[in-house]
file model23.txt (compact mmCIF, C-alpha atoms)
# COMPACT_ATOMS: atom_id res chain seq x y z
CA MET A 144 79.75 4.54 -131.29
CA PHE A 145 82.90 3.97 -133.32
CA GLU A 146 83.50 1.03 -135.62
CA TYR A 147 86.81 -0.46 -136.73
CA ARG A 148 86.60 -3.08 -139.48
CA TYR A 149 89.07 -5.92 -139.77
CA THR A 150 91.06 -6.05 -143.00
CA THR A 151 93.02 -9.09 -144.14
CA ASP A 152 96.48 -8.98 -145.59
CA ASN A 153 98.01 -11.03 -148.40
CA LYS A 154 99.69 -13.47 -146.00
CA THR A 155 96.33 -14.42 -144.48
CA ARG A 156 94.80 -14.84 -147.93
CA TYR A 157 97.69 -17.06 -149.05
CA LEU A 158 97.52 -19.18 -145.89
CA THR A 159 93.77 -19.64 -146.36
CA ALA A 160 94.32 -20.71 -149.97
CA ILE A 161 97.06 -23.13 -148.87
CA HIS A 162 94.70 -24.67 -146.32
CA PHE A 163 92.08 -25.23 -148.99
CA MET A 164 94.68 -26.74 -151.35
CA VAL A 165 95.91 -29.13 -148.64
CA PHE A 166 92.32 -30.24 -147.98
CA ALA A 167 91.78 -30.79 -151.71
CA VAL A 168 95.03 -32.76 -152.13
CA ILE A 169 94.19 -35.02 -149.18
CA ALA A 170 90.67 -35.58 -150.53
CA ALA A 171 92.06 -36.41 -153.99
CA ALA A 172 94.66 -38.78 -152.49
CA LEU A 173 91.97 -40.52 -150.46
CA CYS A 174 89.80 -40.80 -153.55
CA LEU A 175 92.61 -42.41 -155.56
CA LEU A 176 94.26 -44.56 -152.89
CA VAL A 177 91.42 -45.84 -150.74
CA ASP A 178 89.02 -48.44 -152.05
CA GLY A 179 85.51 -47.57 -150.92
CA GLY A 180 83.99 -44.19 -150.41
CA TYR A 181 83.23 -44.08 -146.69
CA ILE A 182 86.67 -42.79 -145.62
CA LEU A 183 86.51 -40.04 -148.23
CA ALA A 184 82.96 -39.20 -147.16
CA TRP A 185 84.04 -39.01 -143.49
CA PHE A 186 87.03 -36.83 -144.36
CA ILE A 187 84.95 -34.43 -146.45
CA SER A 188 82.24 -34.27 -143.78
CA ILE A 189 84.77 -33.49 -141.05
CA VAL A 190 86.56 -30.87 -143.17
CA ILE A 191 83.29 -29.14 -144.05
CA ALA A 192 82.22 -29.14 -140.39
CA VAL A 193 85.57 -27.73 -139.23
CA ILE A 194 85.54 -25.04 -141.93
CA ALA A 195 81.97 -24.08 -141.03
CA LEU A 196 82.75 -23.88 -137.30
CA MET A 197 85.90 -21.86 -137.90
CA ALA A 198 84.15 -19.53 -140.34
CA LEU A 199 81.60 -18.67 -137.66
CA SER A 200 84.40 -17.32 -135.44
CA ILE A 201 86.03 -15.03 -138.00
CA PRO A 202 86.41 -11.54 -136.47
CA ARG A 203 84.47 -8.91 -138.42
CA ARG A 204 84.67 -5.61 -136.53
CA ILE A 205 85.45 -3.83 -133.28
CA LEU A 206 82.81 -1.49 -131.87
CA LEU A 207 83.42 1.10 -129.19
CA SER A 208 80.04 1.65 -127.59
CA ASP A 209 79.17 3.86 -124.65
CA ASP A 210 79.77 1.09 -122.14
CA GLY A 211 82.56 -1.05 -123.58
CA ILE A 212 84.58 -2.65 -126.33
CA GLU A 213 82.65 -5.09 -128.48
CA ILE A 214 84.51 -7.62 -130.63
CA CYS A 215 82.05 -8.94 -133.18
CA CYS A 216 82.58 -12.17 -135.05
CA ILE A 217 80.06 -13.88 -137.30
CA SER A 218 78.57 -15.88 -134.43
CA ASP A 219 80.80 -14.95 -131.48
CA TYR A 220 80.53 -11.76 -129.47
CA THR A 221 82.97 -10.53 -126.82
CA HIS A 222 82.18 -7.53 -124.65
CA ILE A 223 84.73 -5.86 -122.38
CA ALA A 224 83.25 -3.11 -120.23
CA TYR A 225 85.37 0.02 -119.89
CA LYS A 226 85.22 -0.25 -116.11
CA GLU A 227 86.83 -3.71 -116.41
CA VAL A 228 89.76 -2.57 -118.58
CA ALA A 229 92.88 -2.52 -116.43
CA ALA A 230 95.36 -1.70 -119.22
CA ILE A 231 95.51 -1.23 -122.96
CA ARG A 232 98.64 -0.89 -125.08
CA GLU A 233 100.16 -1.51 -128.48
CA VAL A 234 102.14 -4.72 -128.84
CA THR A 235 105.31 -5.05 -130.90
CA ASP A 236 105.90 -7.84 -133.40
CA GLU A 237 108.78 -9.02 -131.20
CA GLU A 238 106.39 -9.72 -128.31
CA MET A 239 104.07 -11.71 -130.60
CA ARG A 240 106.85 -14.17 -131.48
CA TYR A 241 106.24 -16.14 -128.29
CA ILE A 242 102.50 -16.64 -128.82
CA MET A 243 101.39 -19.99 -130.21
CA PRO A 244 97.91 -21.41 -130.94
CA ILE A 245 96.29 -23.94 -128.64
CA PHE A 246 92.70 -24.11 -129.84
CA ALA A 247 92.72 -21.55 -132.59
CA ALA A 248 92.86 -20.71 -136.26
CA SER A 249 96.30 -19.59 -137.28
CA GLY A 250 96.10 -18.07 -140.73
CA PHE A 251 92.85 -19.73 -141.82
CA PHE A 252 90.70 -16.65 -142.54
CA GLY A 253 92.67 -14.89 -139.79
CA TYR A 254 94.04 -15.54 -136.33
CA TYR A 255 91.47 -16.15 -133.63
CA GLY A 256 90.90 -18.36 -130.64
CA SER A 257 92.90 -19.39 -127.58
CA PHE A 258 96.67 -18.98 -127.69
CA ILE A 259 99.46 -19.37 -125.14
CA ASP A 260 102.17 -16.81 -124.51
CA PHE A 261 105.31 -18.85 -123.83
CA LYS A 262 107.15 -15.81 -122.50
CA SER A 263 104.76 -15.19 -119.60
CA TRP A 264 102.93 -18.57 -119.66
CA ASP A 265 99.55 -16.82 -119.95
CA PHE A 266 96.56 -17.96 -121.94
CA VAL A 267 95.33 -15.20 -124.24
CA LYS A 268 92.45 -14.67 -126.64
CA ILE A 269 93.29 -13.32 -130.08
CA TYR A 270 90.87 -11.73 -132.54
CA ALA A 271 92.86 -10.70 -135.61
CA SER A 272 92.57 -10.76 -139.36
CA LYS A 273 96.32 -10.31 -139.81
CA TRP A 274 99.41 -10.83 -137.69
CA SER A 275 100.28 -7.15 -137.19
CA ASN A 276 99.09 -3.94 -135.49
CA PHE A 277 98.19 -5.71 -132.26
CA ILE A 278 96.63 -4.12 -129.20
CA GLU A 279 96.67 -5.88 -125.84
CA ILE A 280 93.68 -5.35 -123.57
CA THR A 281 94.07 -6.61 -120.02
CA ASP A 282 90.96 -6.67 -117.87
CA ILE A 283 90.64 -6.52 -114.09
CA TYR A 284 90.46 -10.33 -114.01
CA GLU A 285 93.92 -10.46 -115.66
CA ASP A 286 92.50 -11.93 -118.87
CA LYS A 287 94.36 -10.75 -121.95
CA TYR A 288 92.80 -10.04 -125.32
CA TYR A 289 94.79 -9.26 -128.43
CA ILE A 290 93.07 -7.54 -131.32
CA SER A 291 94.50 -6.24 -134.58
CA CYS A 292 93.50 -2.82 -135.78
CA ASP A 293 94.96 -0.61 -138.51
CA GLN A 294 94.08 2.51 -136.48
CA SER A 295 95.56 1.19 -133.22
CA GLU A 296 96.62 4.57 -131.80
CA GLU A 297 93.18 6.05 -132.45
CA LEU A 298 91.42 3.06 -130.89
CA ILE A 299 93.64 3.16 -127.79
CA GLY A 300 93.06 6.91 -127.44
CA ARG A 301 89.28 6.50 -127.65
CA VAL A 302 89.28 3.64 -125.12
CA LEU A 303 91.44 5.68 -122.73
CA ASN A 304 89.09 8.62 -123.19
CA TYR A 305 85.99 6.50 -122.57
CA ALA A 306 87.48 4.64 -119.64
CA SER A 307 89.41 7.58 -118.20
CA LEU A 308 92.46 5.38 -117.89
CA LYS A 309 96.09 6.33 -117.88
CA PRO A 310 98.36 4.48 -120.31
CA ASN A 311 100.22 1.58 -118.77
CA GLU A 312 103.70 3.08 -118.59
CA ASP A 313 105.48 0.39 -116.55
CA GLU A 314 105.75 -1.94 -119.56

call {"tool": "encode", "arguments": {"input": "model23.txt", "output": "structure tokens"}}
result
Amino acid sequence: MFEYRYTTDNKTRYLTAIHFMVFAVIAAALCLLVDGGYILAWFISIVIAVIALMALSIPRRILLSDDGIEICCISDYTHIAYKEVAAIREVTDEEMRYIMPIFAASGFFGYYGSFIDFKSWDFVKIYASKWSNFIEITDIYEDKYYISCDQSEELIGRVLNYASLKPNEDE
């Protein structure tokens, strides 16, 4: 079993800090501008709930077990069996320009959730702690998963070895 840990970059840390500052500024503005505390209480309750729910989906590590790829988050777990992997490849930063969040965190502790690829009009799942070093995994059901990994070539080589796949050369 091989383990690849997610590492965050400075951009992700700055975006997370900016999110927290925006939440604090809005809470302070509500405190000063709104008479009565129920709106502030609702805002703080909703922000805390959203932060807690998003924090539970932060990607932590990628495991290559004997039977598949495991993407482990704090409370979410995605398993892709090797026999279901149709293709795996590195993705350039240019290709990632067309991917936008739908129901996802975009810079808040990382990049994870459901995104849309406006170039191919596909829905994709992203599990990344930074917006670089992406690997695209396409399964036999044509679902696409994007993960970020600093050792992308090594991970792809191990998956190809486990799955006995040939690299997707037509792309």

call {"tool": "residues_around", "arguments": {"input": "model23.txt", "residues": "stretch 275-283 of chain A", "least_positions_apart": "3", "cutoff": "6 Å", "atoms": "all atoms listed in the file", "output": "JSON, numbers by chain"}}
result
{"A": [227, 228, 229, 230, 231, 232, 233, 234, 286, 287, 288, 289, 290, 291, 292]}

call {"tool": "write_last_selection", "arguments": {"input": "model23.txt", "atoms": "C-alpha atoms", "output": "short mmCIF file (atom, residue, chain, number, x, y, z; two decimals), in the coordinates of the input"}}
result
data_model
loop_
_atom_site.label_atom_id
_atom_site.label_comp_id
_atom_site.auth_asym_id
_atom_site.auth_seq_id
_atom_site.Cartn_x
_atom_site.Cartn_y
_atom_site.Cartn_z
CA GLU A 227 86.83 -3.71 -116.41
CA VAL A 228 89.76 -2.57 -118.58
CA ALA A 229 92.88 -2.52 -116.43
CA ALA A 230 95.36 -1.70 -119.22
CA ILE A 231 95.51 -1.23 -122.96
CA ARG A 232 98.64 -0.89 -125.08
CA GLU A 233 100.16 -1.51 -128.48
CA VAL A 234 102.14 -4.72 -128.84
CA ASP A 286 92.50 -11.93 -118.87
CA LYS A 287 94.36 -10.75 -121.95
CA TYR A 288 92.80 -10.04 -125.32
CA TYR A 289 94.79 -9.26 -128.43
CA ILE A 290 93.07 -7.54 -131.32
CA SER A 291 94.50 -6.24 -134.58
CA CYS A 292 93.50 -2.82 -135.78
#

call {"tool": "residues_around", "arguments": {"input": "model23.txt", "residues": "stretch 152-154 of chain A", "least_positions_apart": "6", "cutoff": "8 Å", "atoms": "all atoms listed in the file", "output": "number ranges by chain"}}
result
A: 250, 272-273

call {"tool": "write_last_selection", "arguments": {"input": "model23.txt", "atoms": "C-alpha atoms", "output": "short mmCIF file (atom, residue, chain, number, x, y, z; two decimals), in the frame of the given file"}}
result
data_model
loop_
_atom_site.label_atom_id
_atom_site.label_comp_id
_atom_site.auth_asym_id
_atom_site.auth_seq_id
_atom_site.Cartn_x
_atom_site.Cartn_y
_atom_site.Cartn_z
CA GLY A 250 96.10 -18.07 -140.73
CA SER A 272 92.57 -10.76 -139.36
CA LYS A 273 96.32 -10.31 -139.81
#

call {"tool": "residues_around", "arguments": {"input": "model23.txt", "residues": "A:Ser218", "least_positions_apart": "4", "cutoff": "10 Å", "atoms": "all atoms listed in the file", "output": "list in words"}}
result
Leu196, Ala198, Leu199, Ser200, Ile201, Pro202 and Arg203 of chain A

call {"tool": "write_last_selection", "arguments": {"input": "model23.txt", "atoms": "C-alpha atoms", "output": "PDB file, keeping the file's coordinate frame"}}
result
ATOM      1  CA  LEU A 196      82.750 -23.880-137.300  1.00  0.00           C
ATOM      2  CA  ALA A 198      84.150 -19.530-140.340  1.00  0.00           C
ATOM      3  CA  LEU A 199      81.600 -18.670-137.660  1.00  0.00           C
ATOM      4  CA  SER A 200      84.400 -17.320-135.440  1.00  0.00           C
ATOM      5  CA  ILE A 201      86.030 -15.030-138.000  1.00  0.00           C
ATOM      6  CA  PRO A 202      86.410 -11.540-136.470  1.00  0.00           C
ATOM      7  CA  ARG A 203      84.470  -8.910-138.420  1.00  0.00           C
TER       8      ARG A 203
END

call {"tool": "atom_distance", "arguments": {"input": "model23.txt", "atom1": "atom CA of A:Trp264", "atom2": "atom CA of A:Ala224"}}
result
25.0 Å

call {"tool": "closest_residue", "arguments": {"input": "model23.txt", "among": "A:Ile245, A:Tyr147, A:His222, A:Arg240", "to": "A:Ile299", "atoms": "all atoms listed in the file"}}
result
A:Tyr147

call {"tool": "closest_residue", "arguments": {"input": "model23.txt", "among": "A:Val165, A:Ala271, A:Leu158, A:Val302", "to": "A:Phe251", "atoms": "only C-alpha atoms"}}
result
A:Leu158

call {"tool": "closest_residue", "arguments": {"input": "model23.txt", "among": "A:Ile205, A:Val190, A:Ala195, A:Ala172", "to": "A:Ser295", "atoms": "only C-alpha atoms"}}
result
A:Ile205

call {"tool": "atom_distance", "arguments": {"input": "model23.txt", "atom1": "atom CA of A:Pro244", "atom2": "atom CA of A:Phe261"}}
result
10.6 Å

call {"tool": "atom_distance", "arguments": {"input": "model23.txt", "atom1": "atom CA of A:Met197", "atom2": "atom CA of A:Thr159"}}
result
11.8 Å

call {"tool": "residues_near_point", "arguments": {"input": "model23.txt", "point": "(93.3, -15.6, -134.0)", "cutoff": "6 Å", "atoms": "all atoms listed in the file", "output": "count of residues only"}}
result
9

call {"tool": "closest_residue", "arguments": {"input": "model23.txt", "among": "A:Met239, A:Tyr181, A:Leu207, A:Phe252", "to": "A:Ile194", "atoms": "all atoms listed in the file"}}
result
A:Phe252

call {"tool": "closest_residue", "arguments": {"input": "model23.txt", "among": "A:Ile223, A:Met144, A:Ile187, A:Leu175", "to": "A:Phe163", "atoms": "only C-alpha atoms"}}
result
A:Ile187

call {"tool": "closest_residue", "arguments": {"input": "model23.txt", "among": "A:Gly180, A:Asp210, A:Thr150, A:Ile191", "to": "A:Phe166", "atoms": "all atoms listed in the file"}}
result
A:Ile191
